[in-house]
Amino acid sequence: MTQSRAFASFVEYFHRAFMAQAHYAQDHPQARHALEALSDLAKRLVEEVGPLELRVAGDDFLLNGAPVSGAPNASQSLVQLLLGHGLSSITFLPNLEEDDLQLLFFMLRLKPQRLQEMGGPDSLLPEGHSVRIDLTQSPCQPLAEAPFSPRAISEDLTGLFVAVAQMTAAPIRPNPRAPWTMEQRTTLDQYGFLVADLNALAGTSDQLGLQAVEPSALRDMLRQALGAIDPLLQGAILLGLPTCPEGEIYLRRALDYLAPEIAAQALAFAQGQVSGSRFDLALAAAGMLQCVRDRDLGIEALKGRLMLEGWSMPDTDELEAAIRWECHGTDTKLHLSLTDRSFFELDAHQLSTLVRQLARGRRVEGLKDLLAELETGFSSPHVERRRLAAEVLTELASCLADPGLPPETEQRLLAVVHAAIVSEEDPRATQWCCQAMDELLGFWMKNLTFSQIYSEMLALGELTLPHAGAPDWKVQAVRDLLMRLVSPPNLAGLVPLLHESATQVAIPQLHALFTLMGRPAAQCVVACLEVEEDMHRRSQLMEALRAIGRNAVPALQDALTSTEWNLVYDALLVLADIGHRPAFPHVVMSLEHADVRVRSAAIRAAVALGEPEEVAEALSHLLEETTTATQLDCLTVLGELKCASAVQGVIKLVSGLKSASSDDARVRLRAVETLGYLGSNEALPCLQALFRKRSLLSAREGSAIRLSAVKAMAAMNTREARETLALVLDQESDEEVRSAIRAILVG
């Protein structure tokens with residue numbers, strides 16, 4: 001065997017052994033056989049060429065520096081497996097032990113995150129092990145499968161905010177850029193509120209990977225993180241929002257969304273500590289609401305929180321009137337500023353407050369004028385203007401669900417956002433526009449407008465293609481946007497819609513959307529299929545997987561290792577319908593499943609996916625090691641395939657079954673018939689032997705089996721078969737059998 005072919009065989013054996021370990025128990029004969037075959041080949045190669053280093057090189061392998069060619073499917077699967085675990089190479093040293101290979105496969109079956117939690121690969125291998133593993137600088141996981149732990153992110157955010165608030169919080173001081181009046185500063189100080197400097201949060205999004213986290217999931221994590229902090233510190237963080245770094249767009253958006261809750265919690269707690277007058281509380285609330293973009297939500301949240309503390313409804317209504325009176329002056333100054341100064345001379349928070357007022361007041365003309373101003377801003381050569389326009393545009397998009405925007409405004413908003421994402425040359429402005437698109441897509445998802453989502457995802461996906469020529473930072477921003485759209489919270493809301501009637505949900509549009517979402521959608525649907533018990537609902541989930549097509553294959557292949565027979569069965573049916581041929585080795589592993597229904601489905605899937613010779617070989621190996629029902633299914637399929645390579649396997653079955661049981665008799669009859677369908681002269685000696693006595697003391701084969709052999713040779717219709725029939729005619733004593741032979745020879 002040449003070195004190139006030996007290396008390709010090694011990769012194939014490695015992949016086969018890993019798949020066997022994933023599908024079967026360690027002591028299963030199939031798993032043991034695959035492991036022993038790999039161990040023998042590896043030991044032989046190590047003796048010939050020394051230590052074997054299997055190194056990832058792009059999408060291929062280098063084995064001892066030489067490219068591996070001849071095993072493309074196995075190589076591609078193993079490359080993804082190693083990269084997903086952050087491994088750059090595996091070296092097999094002399095004195096290779098099977099136990100070390102077993103541990104290696106155990107590690108590769110673990111989820112990457114779980115492997116890291118257990119201390120990494122070296123912690124699982126014994127001292128002096130004969131397998132050496134090298135890690136990459138940073139584990140490379142496919143974006144669609146990159147796991148993040150909400151609990152871990154919440155804990156990190158809690159520690160970060162506590163540290164920032166405790167180290168940077170200071171009393172409120174006069175500042176020309178601060179939004180508070182002297183009375184508000186005094187009252188806030190009286191209530192014990194400090195102001196935190198949030199500049200220390202710079203880089204948090206990159207460190208925790210918040211770009212790929214769906215907005216609602218990030219809000220839940222942040223809500224949990226802040227819930228573990230003292231309410232006064234929460235107030236300090238809220239009052240420090242104006243100092244939030246400009247680059248922390250994702251964290252800032254989540255803080256803005258939770259601002260009404262934070263303000264209500266902090267003010268209610270401080271009021272319980274200080275027991276200030278209603279006038280003082282209104283003044284403190286007006287100062288706190290300067291950092292809350294949606295004042296109406298902030299006031300309603302505070303009223304609800306105070307009613308839990310025992311306030312009556314009339315008291316909270318009077319407090320609301322007092323707060324609005326205190327805020328009236330601020331609103332007047334804002335509107336006067338708009339008449340005296342340009343739109344882009346105000347800060348983003350003031351303009352966001354104005355957006356909320358226009359939306360809640362249903363001022364359509366004002367919204368149209370605002371959009372016109374924003375379009376003007378995006379055409380400006382000044383980066384700061386475009387950033388401001390993008391931030392205000394995001395706030396306007398967040399008004400789609402509450403308080404709502406007119407339909408014509410929604411369509412115009414979409415056109416502005418999409419054009420800004422395509423043409424914008426500033427990374428920060430583009431990130432703000434992507435946040436605006438998040439709001440639009442989330443709004444359409446809640447309103448079941450799947451065609452809009454599909455069209456926009458398709459258009460945005462074009463920007464990530466190489467021929468689009470977009471800069472790397474824009475490609476990454478759009479990919480993060482698409483990843484947020486296919487996040488588990490969104491998919492968890494979409495999958496139940498598959499079970500709705502066609503009059504309520506456009507199922508074909510939903511299938512098209514799942515097809516575009518690809519692997520993440522398939523993983524979610526397979527997870528639902530695993531726990532679903534209703535047969536009708538299972539069929540609807542399977543239809544969605546068929547619609548997703550090839551992108552559903554990895555999730556379905558993982559499902560083949562499940563302990564639930566019905567999940568494996570359904571996965572095999574869908575794989576057969578999808579027809580992705582590289583899935584054939586995974587299907588072959590299911591041929592020895594413990595459940596007969598799964599084996600039957602695996603046979604059908606193997607026929608749909610494999611080449612006839614491959615299927616015939618796999619079924620021939622299965623014939624002697626399975627149950628009667630599966631043997632009959634295999635023989636039926638082999639007869640349909642008509643592959644001569646299966647002849648020896650069927651002959652072994654005919655010769656090996658000596659029992660007189662009815663099941664064995666049925667199998668032998670079907671096997672003899674199959675030999676005729678295969679049409680190979682190799683079967684003639686076996687068929688001829690059925691007409692002889694086995695020994696002096698034993699009886700001849702029954703007439704049924706001899707008649708079946710006659711029909712098999714007739715089906716072959718070759719000269720050799722007719723000659724064999726002529727020979728056995730002289731030996732045959734049963735008149736019925738002789739008549740059948742004569743009829744065939746004469747005919």
# chains A, B, ... in the order shown; residues from 1 in each chain; ligands from 1
$ residues_around --residues "Val587 (chain A)" --least-positions-apart "5" --cutoff "8 Å" --atoms "only C-alpha atoms" --output "JSON, numbers by chain"
{"A": [560, 572, 602, 605, 606]}
$ write_last_selection --atoms "C-alpha atoms" --output "compact mmCIF listing (two decimals), in the first residue's frame"
# COMPACT_ATOMS: atom_id res chain seq x y z
CA LEU A 560 -29.29 8.91 14.89
CA LEU A 572 -33.89 8.12 8.91
CA ALA A 602 -32.36 2.35 7.90
CA ALA A 605 -32.65 5.16 3.82
CA ALA A 606 -29.50 3.28 2.78
$ residues_around --residues "region 454-471 of chain A" --least-positions-apart "6" --cutoff "8 Å" --atoms "only C-alpha atoms" --output "PyMOL selection string"
chain A and resi 422+478-479+482+512-513+516
$ residues_around --residues "Arg151 (chain A)" --least-positions-apart "3" --cutoff "10 Å" --atoms "only C-alpha atoms" --output "JSON, numbers by chain"
{"A": [148, 154, 155, 156, 157, 221, 224, 225]}
$ select_by_dssp --residues "region 233-323 of chain A" --states "alpha helix (DSSP H)" --output "number ranges by chain"
A: 233-239, 249-274, 278-288, 295-308, 313-323
$ atom_distance --atom1 "CA of Cys291 (chain A)" --atom2 "CA of Gln265 (chain A)"
14.3 Å
$ residues_around --residues "Arg484 (chain A)" --least-positions-apart "2" --cutoff "12 Å" --atoms "only C-alpha atoms" --output "MDAnalysis selection string"
chainID A and resid 143:144 209:218 250 434:435 437:439 441:442 457 477:482 486:491 517 520
$ write_last_selection --atoms "C-alpha atoms" --output "short mmCIF file (atom, residue, chain, number, x, y, z; two decimals), in the first residue's frame"
data_model
loop_
_atom_site.label_atom_id
_atom_site.label_comp_id
_atom_site.auth_asym_id
_atom_site.auth_seq_id
_atom_site.Cartn_x
_atom_site.Cartn_y
_atom_site.Cartn_z
CA LEU A 143 -21.20 30.43 14.37
CA ALA A 144 -24.43 28.53 14.23
CA GLY A 209 -19.70 38.00 22.76
CA LEU A 210 -22.85 40.08 23.15
CA GLN A 211 -22.95 40.83 19.41
CA ALA A 212 -24.39 37.40 18.66
CA VAL A 213 -26.89 37.36 21.56
CA GLU A 214 -30.52 37.92 20.62
CA PRO A 215 -31.79 41.24 22.12
CA SER A 216 -34.53 39.72 24.30
CA ALA A 217 -32.08 37.11 25.64
CA LEU A 218 -29.54 39.85 26.44
CA TYR A 250 -25.59 46.28 22.49
CA CYS A 434 -28.28 46.69 12.56
CA GLN A 435 -29.96 47.27 15.92
CA MET A 437 -33.09 46.11 11.73
CA ASP A 438 -33.27 43.85 14.81
CA GLU A 439 -36.33 45.78 15.93
CA LEU A 441 -37.32 41.78 12.14
CA GLY A 442 -38.51 41.13 15.70
CA MET A 457 -32.65 38.02 5.33
CA ALA A 477 -21.95 43.05 11.70
CA VAL A 478 -24.48 41.58 9.25
CA ARG A 479 -23.57 38.03 10.27
CA ASP A 480 -24.10 38.94 13.92
CA LEU A 481 -27.49 40.38 12.97
CA LEU A 482 -28.50 37.19 11.18
CA VAL A 486 -31.83 32.61 14.41
CA SER A 487 -31.20 32.57 18.16
CA PRO A 488 -32.92 29.94 20.35
CA PRO A 489 -35.50 32.39 21.80
CA ASN A 490 -36.70 33.37 18.32
CA LEU A 491 -36.75 29.79 17.07
CA MET A 517 -32.27 29.92 8.70
CA PRO A 520 -29.89 26.47 13.79
#
$ closest_residue --among "A:Lys711, A:Arg604, A:Arg109, A:His593" --to "His28 (chain A)" --atoms "only C-alpha atoms"
A:His593
$ residues_around --residues "Ala544 (chain A)" --least-positions-apart "2" --cutoff "8 Å" --atoms "only C-alpha atoms" --output "number ranges by chain"
A: 498, 511, 514, 525, 540-542, 546-548
$ write_last_selection --atoms "C-alpha atoms" --output "PDB file, in the first residue's frame"
ATOM      1  CA  LEU A 498     -45.763  24.808  12.510  1.00  0.00           C
ATOM      2  CA  HIS A 511     -40.969  26.584   5.751  1.00  0.00           C
ATOM      3  CA  PHE A 514     -36.715  27.858   8.165  1.00  0.00           C
ATOM      4  CA  VAL A 525     -36.853  21.391  15.180  1.00  0.00           C
ATOM      5  CA  GLN A 540     -45.422  18.566  10.798  1.00  0.00           C
ATOM      6  CA  LEU A 541     -41.956  18.843  12.325  1.00  0.00           C
ATOM      7  CA  MET A 542     -40.633  16.304   9.827  1.00  0.00           C
ATOM      8  CA  ARG A 546     -37.615  18.160   4.698  1.00  0.00           C
ATOM      9  CA  ALA A 547     -38.112  21.784   3.683  1.00  0.00           C
ATOM     10  CA  ILE A 548     -34.806  22.794   5.298  1.00  0.00           C
TER      11      ILE A 548
END
$ residues_around --residues "Ile90 (chain A)" --least-positions-apart "3" --cutoff "10 Å" --atoms "only C-alpha atoms" --output "PyMOL selection string"
chain A and resi 52-56+63+82+87+93+104+131-135
$ closest_atom_pairs --of "region 232-286 of chain A" --to "region 367-387 of chain A" --cutoff "12 Å" --atoms "only C-alpha atoms" --output "tab-separated table"
residue	atom	partner	partner_atom	distance
A:Glu246	CA	A:Arg387	CA	9.8
A:Gly247	CA	A:Arg387	CA	11.1
A:Ile249	CA	A:Arg387	CA	11.3
